[in-house]
file query_20.cif (mmCIF, C-alpha atoms)
data_query
loop_
_atom_site.group_PDB
_atom_site.id
_atom_site.type_symbol
_atom_site.label_atom_id
_atom_site.label_comp_id
_atom_site.auth_asym_id
_atom_site.auth_seq_id
_atom_site.Cartn_x
_atom_site.Cartn_y
_atom_site.Cartn_z
ATOM 1 C CA MET A 28 188.546 -36.927 -126.841
ATOM 2 C CA GLU A 29 185.170 -38.753 -127.059
ATOM 3 C CA SER A 30 184.606 -40.517 -123.776
ATOM 4 C CA HIS A 31 182.472 -43.395 -125.079
ATOM 5 C CA LYS A 32 184.838 -44.183 -127.955
ATOM 6 C CA GLY A 33 188.201 -43.147 -126.637
ATOM 7 C CA GLY A 34 190.944 -40.964 -128.068
ATOM 8 C CA VAL A 35 194.544 -40.767 -129.199
ATOM 9 C CA LEU A 36 197.532 -39.387 -127.288
ATOM 10 C CA TRP A 37 200.243 -38.065 -129.596
ATOM 11 C CA ASN A 38 203.863 -37.365 -128.699
ATOM 12 C CA PRO A 39 205.153 -35.025 -131.460
ATOM 13 C CA LEU A 40 208.767 -35.259 -130.238
ATOM 14 C CA PHE A 41 209.050 -39.032 -130.667
ATOM 15 C CA ARG A 42 206.247 -39.220 -133.281
ATOM 16 C CA LYS A 43 204.418 -41.870 -131.296
ATOM 17 C CA ILE A 44 200.712 -42.269 -130.735
ATOM 18 C CA ARG A 45 198.757 -44.297 -128.208
ATOM 19 C CA TRP A 46 195.115 -45.269 -128.193
ATOM 20 C CA ILE A 47 193.232 -44.373 -125.012
ATOM 21 C CA PRO A 48 190.010 -46.330 -124.365
ATOM 22 C CA GLY A 49 186.859 -44.398 -123.498
ATOM 23 C CA ALA A 50 185.983 -43.460 -119.937
ATOM 24 C CA ALA A 51 182.688 -45.340 -120.265
ATOM 25 C CA ARG A 52 180.700 -42.185 -119.423
ATOM 26 C CA SER A 53 179.345 -39.681 -121.925
ATOM 27 C CA SER A 54 179.884 -36.821 -119.458
ATOM 28 C CA PHE A 55 183.658 -37.208 -119.283
ATOM 29 C CA THR A 56 185.715 -34.001 -119.649
ATOM 30 C CA LEU A 57 189.474 -34.007 -120.172
ATOM 31 C CA CYS A 58 191.437 -31.788 -117.734
ATOM 32 C CA GLY A 59 195.057 -32.589 -118.562
ATOM 33 C CA VAL A 60 198.008 -34.939 -118.159
ATOM 34 C CA GLY A 61 199.524 -35.762 -114.754
ATOM 35 C CA TYR A 62 203.207 -36.391 -114.144
ATOM 36 C CA ASN A 63 205.135 -38.697 -111.872
ATOM 37 C CA GLY A 64 208.532 -37.063 -111.743
ATOM 38 C CA SER A 65 209.158 -35.819 -115.286
ATOM 39 C CA ILE A 66 207.273 -38.548 -117.154
ATOM 40 C CA PRO A 67 203.577 -38.096 -118.067
ATOM 41 C CA ASP A 68 201.880 -41.260 -116.859
ATOM 42 C CA LYS A 69 198.225 -40.376 -116.169
ATOM 43 C CA ILE A 70 195.380 -38.601 -117.890
ATOM 44 C CA VAL A 71 193.065 -36.663 -115.582
ATOM 45 C CA GLY A 72 189.438 -35.812 -116.232
ATOM 46 C CA THR A 73 186.086 -35.371 -114.553
ATOM 47 C CA ILE A 74 182.692 -37.057 -114.769
ATOM 48 C CA TYR A 75 179.682 -35.002 -113.762
ATOM 49 C CA SER A 76 176.920 -36.920 -112.006
ATOM 50 C CA LEU A 77 173.443 -35.544 -112.768
ATOM 51 C CA ASP A 78 171.959 -37.614 -109.950
ATOM 52 C CA LEU A 79 174.418 -36.494 -107.248
ATOM 53 C CA ARG A 80 175.129 -33.095 -108.849
ATOM 54 C CA HIS A 81 178.867 -33.127 -108.321
ATOM 55 C CA GLN A 82 181.980 -33.837 -110.335
ATOM 56 C CA THR A 83 184.002 -36.982 -109.819
ATOM 57 C CA VAL A 84 187.681 -37.146 -110.769
ATOM 58 C CA VAL A 85 188.888 -40.049 -112.888
ATOM 59 C CA MET A 86 192.400 -41.009 -113.977
ATOM 60 C CA PHE A 87 193.679 -43.114 -116.833
ATOM 61 C CA GLU A 88 196.917 -44.888 -115.885
ATOM 62 C CA PHE A 89 199.279 -45.691 -118.749
ATOM 63 C CA GLU A 90 200.900 -48.574 -116.883
ATOM 64 C CA THR A 91 197.655 -50.495 -116.325
ATOM 65 C CA ASN A 92 195.831 -49.135 -119.399
ATOM 66 C CA ALA A 93 192.730 -48.608 -117.266
ATOM 67 C CA TRP A 94 190.580 -45.843 -115.797
ATOM 68 C CA LYS A 95 190.476 -45.298 -112.050
ATOM 69 C CA LEU A 96 187.859 -43.449 -109.993
ATOM 70 C CA ILE A 97 188.986 -41.028 -107.271
ATOM 71 C CA ASP A 98 186.366 -41.413 -104.550
ATOM 72 C CA PRO A 99 184.638 -38.022 -104.055
ATOM 73 C CA ASP A 100 183.743 -38.931 -100.459
ATOM 74 C CA ARG A 101 187.384 -38.409 -99.542
ATOM 75 C CA TYR A 102 187.337 -34.689 -100.228
ATOM 76 C CA VAL A 103 183.850 -33.291 -100.835
ATOM 77 C CA ALA A 104 182.720 -31.711 -97.558
ATOM 78 C CA GLU A 105 179.116 -30.896 -96.747
ATOM 79 C CA PHE A 106 179.822 -27.178 -96.309
ATOM 80 C CA THR A 107 182.263 -26.731 -99.193
ATOM 81 C CA ARG A 108 181.600 -25.085 -102.544
ATOM 82 C CA GLU A 109 183.970 -26.328 -105.218
ATOM 83 C CA GLN A 110 185.107 -24.424 -108.265
ATOM 84 C CA SER A 111 185.097 -26.451 -111.454
ATOM 85 C CA LEU A 112 188.195 -28.583 -111.948
ATOM 86 C CA ARG A 113 187.476 -28.347 -115.654
ATOM 87 C CA HIS A 114 187.394 -24.543 -115.884
ATOM 88 C CA ASN A 115 189.475 -23.348 -112.941
ATOM 89 C CA SER A 116 192.364 -25.739 -112.420
ATOM 90 C CA VAL A 117 196.080 -25.309 -113.051
ATOM 91 C CA SER A 118 198.795 -27.913 -113.423
ATOM 92 C CA LEU A 119 202.100 -27.545 -111.549
ATOM 93 C CA ASN A 120 204.794 -30.148 -110.869
ATOM 94 C CA GLY A 121 202.523 -32.818 -112.356
ATOM 95 C CA ASN A 122 199.645 -32.137 -109.947
ATOM 96 C CA PHE A 123 196.374 -30.220 -110.331
ATOM 97 C CA TYR A 124 195.164 -27.327 -108.169
ATOM 98 C CA TRP A 125 191.855 -25.454 -107.982
ATOM 99 C CA THR A 126 189.970 -23.143 -105.634
ATOM 100 C CA ALA A 127 187.228 -23.938 -103.118
ATOM 101 C CA TYR A 128 185.174 -22.102 -100.502
ATOM 102 C CA ASN A 129 184.156 -23.306 -97.045
ATOM 103 C CA LEU A 130 180.622 -22.108 -96.360
ATOM 104 C CA GLU A 131 180.974 -22.728 -92.632
ATOM 105 C CA THR A 132 184.280 -20.963 -91.899
ATOM 106 C CA GLY A 133 184.293 -18.432 -94.743
ATOM 107 C CA GLU A 134 187.759 -19.573 -95.833
ATOM 108 C CA TYR A 135 188.859 -19.656 -99.448
ATOM 109 C CA PHE A 136 191.502 -22.265 -100.112
ATOM 110 C CA ILE A 137 193.240 -24.370 -102.758
ATOM 111 C CA ARG A 138 192.731 -28.101 -103.232
ATOM 112 C CA ILE A 139 195.393 -30.338 -104.714
ATOM 113 C CA LEU A 140 194.997 -33.487 -106.734
ATOM 114 C CA ASP A 141 198.195 -35.387 -105.902
ATOM 115 C CA VAL A 142 198.643 -37.481 -109.036
ATOM 116 C CA LEU A 143 201.319 -39.727 -107.497
ATOM 117 C CA LYS A 144 199.336 -40.553 -104.339
ATOM 118 C CA GLU A 145 195.981 -40.353 -106.158
ATOM 119 C CA ILE A 146 194.328 -38.306 -103.421
ATOM 120 C CA ILE A 147 192.598 -34.930 -103.243
ATOM 121 C CA LYS A 148 193.123 -32.770 -100.178
ATOM 122 C CA PRO A 149 193.321 -29.114 -99.025
ATOM 123 C CA PHE A 150 196.605 -27.442 -99.942
ATOM 124 C CA CYS A 151 196.683 -23.876 -98.583
ATOM 125 C CA ILE A 152 194.489 -20.914 -97.637
ATOM 126 C CA LEU A 153 193.836 -18.151 -100.170
ATOM 127 C CA PRO A 154 194.408 -14.485 -99.186
ATOM 128 C CA CYS A 155 190.768 -13.424 -99.681
ATOM 129 C CA MET A 156 188.954 -14.313 -96.473
ATOM 130 C CA GLY A 157 185.839 -12.500 -95.315
ATOM 131 C CA LYS A 158 184.682 -11.311 -98.735
ATOM 132 C CA SER A 159 181.583 -12.222 -100.704
ATOM 133 C CA SER A 160 181.554 -15.746 -102.104
ATOM 134 C CA SER A 161 179.949 -14.301 -105.234
ATOM 135 C CA HIS A 162 183.255 -12.720 -106.295
ATOM 136 C CA THR A 163 185.135 -14.405 -109.110
ATOM 137 C CA ARG A 164 188.408 -16.037 -108.095
ATOM 138 C CA VAL A 165 190.797 -17.564 -110.609
ATOM 139 C CA LEU A 166 194.040 -19.442 -110.077
ATOM 140 C CA ALA A 167 197.021 -19.225 -112.464
ATOM 141 C CA ILE A 168 200.734 -20.001 -112.595
ATOM 142 C CA TYR A 169 203.214 -17.199 -111.868
ATOM 143 C CA LYS A 170 206.831 -17.299 -113.101
ATOM 144 C CA GLY A 171 206.556 -21.019 -113.863
ATOM 145 C CA ASP A 172 206.775 -22.280 -110.274
ATOM 146 C CA ARG A 173 204.406 -20.114 -108.181
ATOM 147 C CA PHE A 174 200.705 -19.304 -107.940
ATOM 148 C CA SER A 175 198.767 -16.157 -108.663
ATOM 149 C CA VAL A 176 195.123 -15.648 -107.776
ATOM 150 C CA LEU A 177 192.844 -13.061 -109.339
ATOM 151 C CA GLU A 178 189.741 -11.845 -107.518
ATOM 152 C CA GLN A 179 187.162 -9.697 -109.311
ATOM 153 C CA CYS A 180 184.112 -7.998 -107.841
ATOM 154 C CA LYS A 181 181.100 -8.859 -109.980
ATOM 155 C CA THR A 182 179.512 -5.468 -109.261
ATOM 156 C CA THR A 183 182.363 -3.036 -109.898
ATOM 157 C CA CYS A 184 184.647 -5.350 -111.955
ATOM 158 C CA LYS A 185 187.594 -4.155 -109.813
ATOM 159 C CA ILE A 186 190.404 -6.697 -109.615
ATOM 160 C CA GLU A 187 192.921 -7.627 -106.920
ATOM 161 C CA ILE A 188 195.783 -10.004 -107.665
ATOM 162 C CA TRP A 189 198.051 -11.853 -105.227
ATOM 163 C CA VAL A 190 201.106 -14.002 -105.942
ATOM 164 C CA THR A 191 203.048 -16.457 -103.804
ATOM 165 C CA LYS A 192 206.376 -15.205 -102.490
ATOM 166 C CA LYS A 193 208.272 -18.453 -103.083
ATOM 167 C CA LYS A 194 208.027 -21.346 -105.493
ATOM 168 C CA ILE A 195 205.449 -23.982 -104.611
ATOM 169 C CA SER A 196 206.708 -27.075 -102.819
ATOM 170 C CA ASN A 197 204.096 -27.820 -100.154
ATOM 171 C CA GLY A 198 201.120 -26.079 -98.612
ATOM 172 C CA ASP A 199 202.720 -25.357 -95.238
ATOM 173 C CA ASP A 200 205.059 -22.556 -96.300
ATOM 174 C CA VAL A 201 202.898 -20.646 -98.790
ATOM 175 C CA VAL A 202 203.115 -16.872 -98.285
ATOM 176 C CA TRP A 203 200.939 -14.533 -100.395
ATOM 177 C CA ILE A 204 201.846 -10.955 -101.317
ATOM 178 C CA ARG A 205 199.593 -8.392 -102.999
ATOM 179 C CA PHE A 206 200.723 -7.963 -106.607
ATOM 180 C CA MET A 207 198.471 -5.327 -108.189
ATOM 181 C CA ASN A 208 195.012 -3.741 -108.264
ATOM 182 C CA VAL A 209 193.026 -2.971 -111.409
ATOM 183 C CA SER A 210 190.255 -0.365 -111.313
ATOM 184 C CA ILE A 211 189.371 0.601 -114.880
ATOM 185 C CA HIS A 212 186.024 1.858 -116.172
ATOM 186 C CA ASN A 213 184.147 -0.663 -118.356
ATOM 187 C CA PHE A 214 186.695 -3.383 -117.692
ATOM 188 C CA PRO A 215 185.286 -6.790 -118.744
ATOM 189 C CA ARG A 216 183.896 -9.420 -116.404
ATOM 190 C CA PHE A 217 186.053 -12.509 -115.933
ATOM 191 C CA TYR A 218 184.311 -15.788 -116.741
ATOM 192 C CA HIS A 219 186.064 -19.090 -116.023
ATOM 193 C CA LYS A 220 184.833 -20.707 -119.237
ATOM 194 C CA PHE A 221 185.757 -17.841 -121.545
ATOM 195 C CA SER A 222 188.810 -16.171 -119.977
ATOM 196 C CA LYS A 223 192.486 -16.735 -119.212
ATOM 197 C CA TYR A 224 195.046 -14.489 -117.592
ATOM 198 C CA MET A 225 198.686 -14.190 -116.614
ATOM 199 C CA VAL A 226 200.753 -11.641 -114.692
ATOM 200 C CA ASP A 227 204.416 -10.728 -114.844
ATOM 201 C CA ASN A 228 206.864 -8.304 -113.274
ATOM 202 C CA ASN A 229 209.775 -7.411 -115.538
ATOM 203 C CA ILE A 230 211.598 -4.349 -116.859
ATOM 204 C CA TYR A 231 208.283 -2.939 -118.072
ATOM 205 C CA GLY A 232 206.707 -3.173 -114.621
ATOM 206 C CA LYS A 233 203.814 -5.169 -113.218
ATOM 207 C CA THR A 234 201.573 -6.359 -116.027
ATOM 208 C CA LEU A 235 198.245 -8.159 -116.312
ATOM 209 C CA VAL A 236 197.420 -9.871 -119.611
ATOM 210 C CA MET A 237 193.888 -11.217 -119.943
ATOM 211 C CA CYS A 238 192.234 -12.938 -122.875
ATOM 212 C CA CYS A 239 188.457 -13.224 -122.924
ATOM 213 C CA SER A 240 185.734 -14.205 -125.366
ATOM 214 C CA TYR A 241 182.359 -12.518 -124.988
ATOM 215 C CA ARG A 242 179.542 -15.016 -124.673
ATOM 216 C CA ARG A 243 176.969 -13.175 -126.794
ATOM 217 C CA SER A 244 179.068 -11.907 -129.682
ATOM 218 C CA GLY A 245 181.771 -14.560 -129.470
ATOM 219 C CA GLN A 246 184.406 -11.905 -130.178
ATOM 220 C CA ALA A 247 187.758 -12.490 -128.442
ATOM 221 C CA TYR A 248 190.021 -9.739 -127.075
ATOM 222 C CA VAL A 249 193.352 -9.484 -125.286
ATOM 223 C CA TYR A 250 193.639 -6.844 -122.554
ATOM 224 C CA ILE A 251 197.057 -5.608 -121.424
ATOM 225 C CA VAL A 252 197.061 -3.615 -118.171
ATOM 226 C CA ARG A 253 200.138 -1.846 -116.810
ATOM 227 C CA GLY A 254 199.686 0.910 -114.242
ATOM 228 C CA ASP A 255 196.964 3.265 -115.516
ATOM 229 C CA MET A 256 197.360 2.015 -119.067
ATOM 230 C CA CYS A 257 194.890 -0.495 -120.550
ATOM 231 C CA LYS A 258 195.225 -1.667 -124.148
ATOM 232 C CA ARG A 259 192.601 -3.809 -125.863
ATOM 233 C CA ILE A 260 193.562 -5.929 -128.874
ATOM 234 C CA LYS A 261 190.883 -7.548 -131.016
ATOM 235 C CA ILE A 262 191.586 -11.106 -132.120
ATOM 236 C CA ASP A 263 190.248 -11.562 -135.634
ATOM 237 C CA GLU A 264 192.012 -14.849 -136.290
ATOM 238 C CA VAL A 265 189.764 -16.876 -133.952
ATOM 239 C CA PRO A 266 187.408 -18.959 -136.152
ATOM 240 C CA SER A 267 183.763 -18.037 -135.562
ATOM 241 C CA GLN A 268 182.787 -21.633 -134.770
ATOM 242 C CA PHE A 269 185.192 -21.599 -131.806
ATOM 243 C CA ARG A 270 184.557 -18.108 -130.420
ATOM 244 C CA CYS A 271 181.660 -19.133 -128.198
ATOM 245 C CA SER A 272 183.346 -22.248 -126.865
ATOM 246 C CA ILE A 273 185.519 -22.524 -123.786
ATOM 247 C CA HIS A 274 188.679 -22.518 -125.907
ATOM 248 C CA VAL A 275 190.412 -19.151 -125.740
ATOM 249 C CA PRO A 276 193.986 -18.466 -126.872
ATOM 250 C CA SER A 277 196.570 -19.593 -124.342
ATOM 251 C CA LEU A 278 198.615 -16.976 -122.555
ATOM 252 C CA ILE A 279 202.135 -18.395 -122.525
ATOM 253 C CA PRO A 280 205.063 -16.082 -121.701
ATOM 254 C CA ILE A 281 207.692 -16.177 -124.446
ATOM 255 C CA CYS A 282 210.344 -13.985 -122.825
#
call {"tool": "encode", "arguments": {"input": "query_20.cif", "output": "structure tokens"}}
result
Amino acid sequence: MESHKGGVLWNPLFRKIRWIPGAARSSFTLCGVGYNGSIPDKIVGTIYSLDLRHQTVVMFEFETNAWKLIDPDRYVAEFTREQSLRHNSVSLNGNFYWTAYNLETGEYFIRILDVLKEIIKPFCILPCMGKSSSHTRVLAIYKGDRFSVLEQCKTTCKIEIWVTKKKISNGDDVVWIRFMNVSIHNFPRFYHKFSKYMVDNNIYGKTLVMCCSYRRSGQAYVYIVRGDMCKRIKIDEVPSQFRCSIHVPSLIPIC
């Protein structure tokens, strides 16, 4: 989608298309589609301000055919470091979630963009308090209705993964349980722009699947970790012009 010209939204099921006007800013980045109930009714994206050096969330509402600015003053705190909504957000129940860090309290937590109410607010605390803010932390969806969070040490590349015990409904009853640890020699670094992951627990045991594209070579790999086993699969089908971009193959469970 080109922000200054607009774009097209296509529904392949009903074979309908709809023209979306531009966001009037060249720095617009598409994040996804928000839902009200079961019907997609808003497009969500961000605009990065070079002057203020922060991202501002914008929404396109189908009903009014207009863009709407979500005021950053409502949720950007002076002592808060935000992860990128563009690179580290997940969509669940029509809303968007991403991680943040409070520099004053040392708490890691999740923010929610409530698409229906059009507000951004804290959702719940992450289970990784008291550790270095330089660690990589990535949010993902677990079993379709829960969260998982991956934390990787940038020095040792060791990984810890937590999942929520119950499906996500609100931030008051979120309980995290440790899912698995990964300590493998020469395991790759996780970069938000170039990596995706998912975890599962089935008849084969607890499994981590991670797809990453190396920034220098552009080569993409899939890593499958189960217990002490780590299998690396080279992806040759990724076109070279896309290998160095932020687009890596999606990890969607099919069974």
call {"tool": "atom_distance", "arguments": {"input": "query_20.cif", "atom1": "CA of Glu88 in chain A", "atom2": "CA of Leu140 in chain A"}}
result
14.7 Å
call {"tool": "residues_around", "arguments": {"input": "query_20.cif", "residues": "range 82-86 of chain A", "least_positions_apart": "5", "cutoff": "6 Å", "atoms": "all atoms listed in the file", "output": "PyMOL selection string"}}
result
chain A and resi 70-75+94-97+99
call {"tool": "resolve_selection", "arguments": {"input": "query_20.cif", "expression": "the PyMOL selection byres ((chain A and resi 118-120) around 9)", "output": "VMD selection string"}}
result
chain A and resid 59 to 65 116 to 117 121 to 124 167 to 168 171 to 173 195 to 196
call {"tool": "write_last_selection", "arguments": {"input": "query_20.cif", "atoms": "C-alpha atoms", "output": "PDB file, in the coordinates of the input"}}
result
ATOM      1  CA  GLY A  59     195.057 -32.589-118.562  1.00  0.00           C
ATOM      2  CA  VAL A  60     198.008 -34.939-118.159  1.00  0.00           C
ATOM      3  CA  GLY A  61     199.524 -35.762-114.754  1.00  0.00           C
ATOM      4  CA  TYR A  62     203.207 -36.391-114.144  1.00  0.00           C
ATOM      5  CA  ASN A  63     205.135 -38.697-111.872  1.00  0.00           C
ATOM      6  CA  GLY A  64     208.532 -37.063-111.743  1.00  0.00           C
ATOM      7  CA  SER A  65     209.158 -35.819-115.286  1.00  0.00           C
ATOM      8  CA  SER A 116     192.364 -25.739-112.420  1.00  0.00           C
ATOM      9  CA  VAL A 117     196.080 -25.309-113.051  1.00  0.00           C
ATOM     10  CA  GLY A 121     202.523 -32.818-112.356  1.00  0.00           C
ATOM     11  CA  ASN A 122     199.645 -32.137-109.947  1.00  0.00           C
ATOM     12  CA  PHE A 123     196.374 -30.220-110.331  1.00  0.00           C
ATOM     13  CA  TYR A 124     195.164 -27.327-108.169  1.00  0.00           C
ATOM     14  CA  ALA A 167     197.021 -19.225-112.464  1.00  0.00           C
ATOM     15  CA  ILE A 168     200.734 -20.001-112.595  1.00  0.00           C
ATOM     16  CA  GLY A 171     206.556 -21.019-113.863  1.00  0.00           C
ATOM     17  CA  ASP A 172     206.775 -22.280-110.274  1.00  0.00           C
ATOM     18  CA  ARG A 173     204.406 -20.114-108.181  1.00  0.00           C
ATOM     19  CA  ILE A 195     205.449 -23.982-104.611  1.00  0.00           C
ATOM     20  CA  SER A 196     206.708 -27.075-102.819  1.00  0.00           C
TER      21      SER A 196
END
call {"tool": "residues_around", "arguments": {"input": "query_20.cif", "residues": "range 204-220 of chain A", "least_positions_apart": "4", "cutoff": "7 Å", "atoms": "all atoms listed in the file", "output": "number ranges by chain"}}
result
A: 114-115, 184-192, 273
call {"tool": "resolve_selection", "arguments": {"input": "query_20.cif", "expression": "the PyMOL selection byres ((chain A and resi 256) around 12)", "output": "number ranges by chain"}}
result
A: 209-212, 232-236, 250-255, 257-259
call {"tool": "closest_residue", "arguments": {"input": "query_20.cif", "among": "A:Cys180, A:Lys170, A:Ser240, A:Ala127", "to": "Pro149 in chain A", "atoms": "only C-alpha atoms"}}
result
A:Ala127
call {"tool": "atom_distance", "arguments": {"input": "query_20.cif", "atom1": "CA of Lys194 in chain A", "atom2": "CA of Phe87 in chain A"}}
result
28.4 Å
call {"tool": "closest_residue", "arguments": {"input": "query_20.cif", "among": "A:Ile152, A:Leu36, A:Ile262, A:Leu57", "to": "Tyr135 in chain A", "atoms": "only C-alpha atoms"}}
result
A:Ile152
call {"tool": "atom_distance", "arguments": {"input": "query_20.cif", "atom1": "CA of Lys69 in chain A", "atom2": "CA of Arg45 in chain A"}}
result
12.7 Å
call {"tool": "closest_residue", "arguments": {"input": "query_20.cif", "among": "A:Asn92, A:Leu153, A:Cys58, A:Trp46", "to": "Val201 in chain A", "atoms": "all atoms listed in the file"}}
result
A:Leu153
call {"tool": "resolve_selection", "arguments": {"input": "query_20.cif", "expression": "the PyMOL selection byres ((chain A and resi 198) around 6)", "output": "PyMOL selection string"}}
result
chain A and resi 150-151+197+199-201
call {"tool": "axis_aligned_box", "arguments": {"input": "query_20.cif", "around": "range 233-239 of chain A", "padding_each_side": "5 Å", "output": "JSON"}}
result
{"center_x": 196.1, "center_y": -9.2, "center_z": -118.1, "size_x": 25.4, "size_y": 18.1, "size_z": 19.7}
call {"tool": "closest_residue", "arguments": {"input": "query_20.cif", "among": "A:Val142, A:Leu40, A:Ile260, A:Ile137", "to": "Tyr248 in chain A", "atoms": "all atoms listed in the file"}}
result
A:Ile260
call {"tool": "build_atoms", "arguments": {"input": "query_20.cif", "residues": "range 198-209 of chain A", "atoms": "N, CA, C and O atoms", "output": "compact mmCIF listing (two decimals), keeping the file's coordinate frame"}}
result
# COMPACT_ATOMS: atom_id res chain seq x y z
N GLY A 198 202.09 -27.08 -99.02
CA GLY A 198 201.12 -26.08 -98.61
C GLY A 198 201.40 -25.43 -97.28
O GLY A 198 200.69 -24.50 -96.88
N ASP A 199 202.45 -25.88 -96.58
CA ASP A 199 202.72 -25.36 -95.24
C ASP A 199 203.46 -24.03 -95.24
O ASP A 199 203.36 -23.26 -94.29
N ASP A 200 204.22 -23.76 -96.30
CA ASP A 200 205.06 -22.56 -96.30
C ASP A 200 204.64 -21.55 -97.36
O ASP A 200 205.44 -20.74 -97.83
N VAL A 201 203.37 -21.57 -97.76
CA VAL A 201 202.90 -20.65 -98.79
C VAL A 201 202.65 -19.27 -98.18
O VAL A 201 201.87 -19.14 -97.23
N VAL A 202 203.30 -18.25 -98.72
CA VAL A 202 203.12 -16.87 -98.28
C VAL A 202 202.65 -16.05 -99.48
O VAL A 202 203.28 -16.05 -100.54
N TRP A 203 201.50 -15.34 -99.31
CA TRP A 203 200.94 -14.53 -100.40
C TRP A 203 201.31 -13.07 -100.22
O TRP A 203 201.34 -12.55 -99.11
N ILE A 204 201.60 -12.40 -101.33
CA ILE A 204 201.85 -10.96 -101.32
C ILE A 204 200.95 -10.31 -102.37
O ILE A 204 200.70 -10.88 -103.43
N ARG A 205 200.46 -9.10 -102.05
CA ARG A 205 199.59 -8.39 -103.00
C ARG A 205 200.43 -7.94 -104.19
O ARG A 205 201.47 -7.30 -104.04
N PHE A 206 199.96 -8.24 -105.39
CA PHE A 206 200.72 -7.96 -106.61
C PHE A 206 200.27 -6.67 -107.27
O PHE A 206 201.08 -5.78 -107.54
N MET A 207 198.97 -6.53 -107.55
CA MET A 207 198.47 -5.33 -108.19
C MET A 207 196.95 -5.24 -108.07
O MET A 207 196.27 -6.25 -107.85
N ASN A 208 196.44 -4.01 -108.20
CA ASN A 208 195.01 -3.74 -108.26
C ASN A 208 194.68 -3.18 -109.64
O ASN A 208 195.49 -2.46 -110.24
N VAL A 209 193.49 -3.49 -110.12
CA VAL A 209 193.03 -2.97 -111.41
C VAL A 209 191.65 -2.38 -111.21
O VAL A 209 190.71 -3.07 -110.82
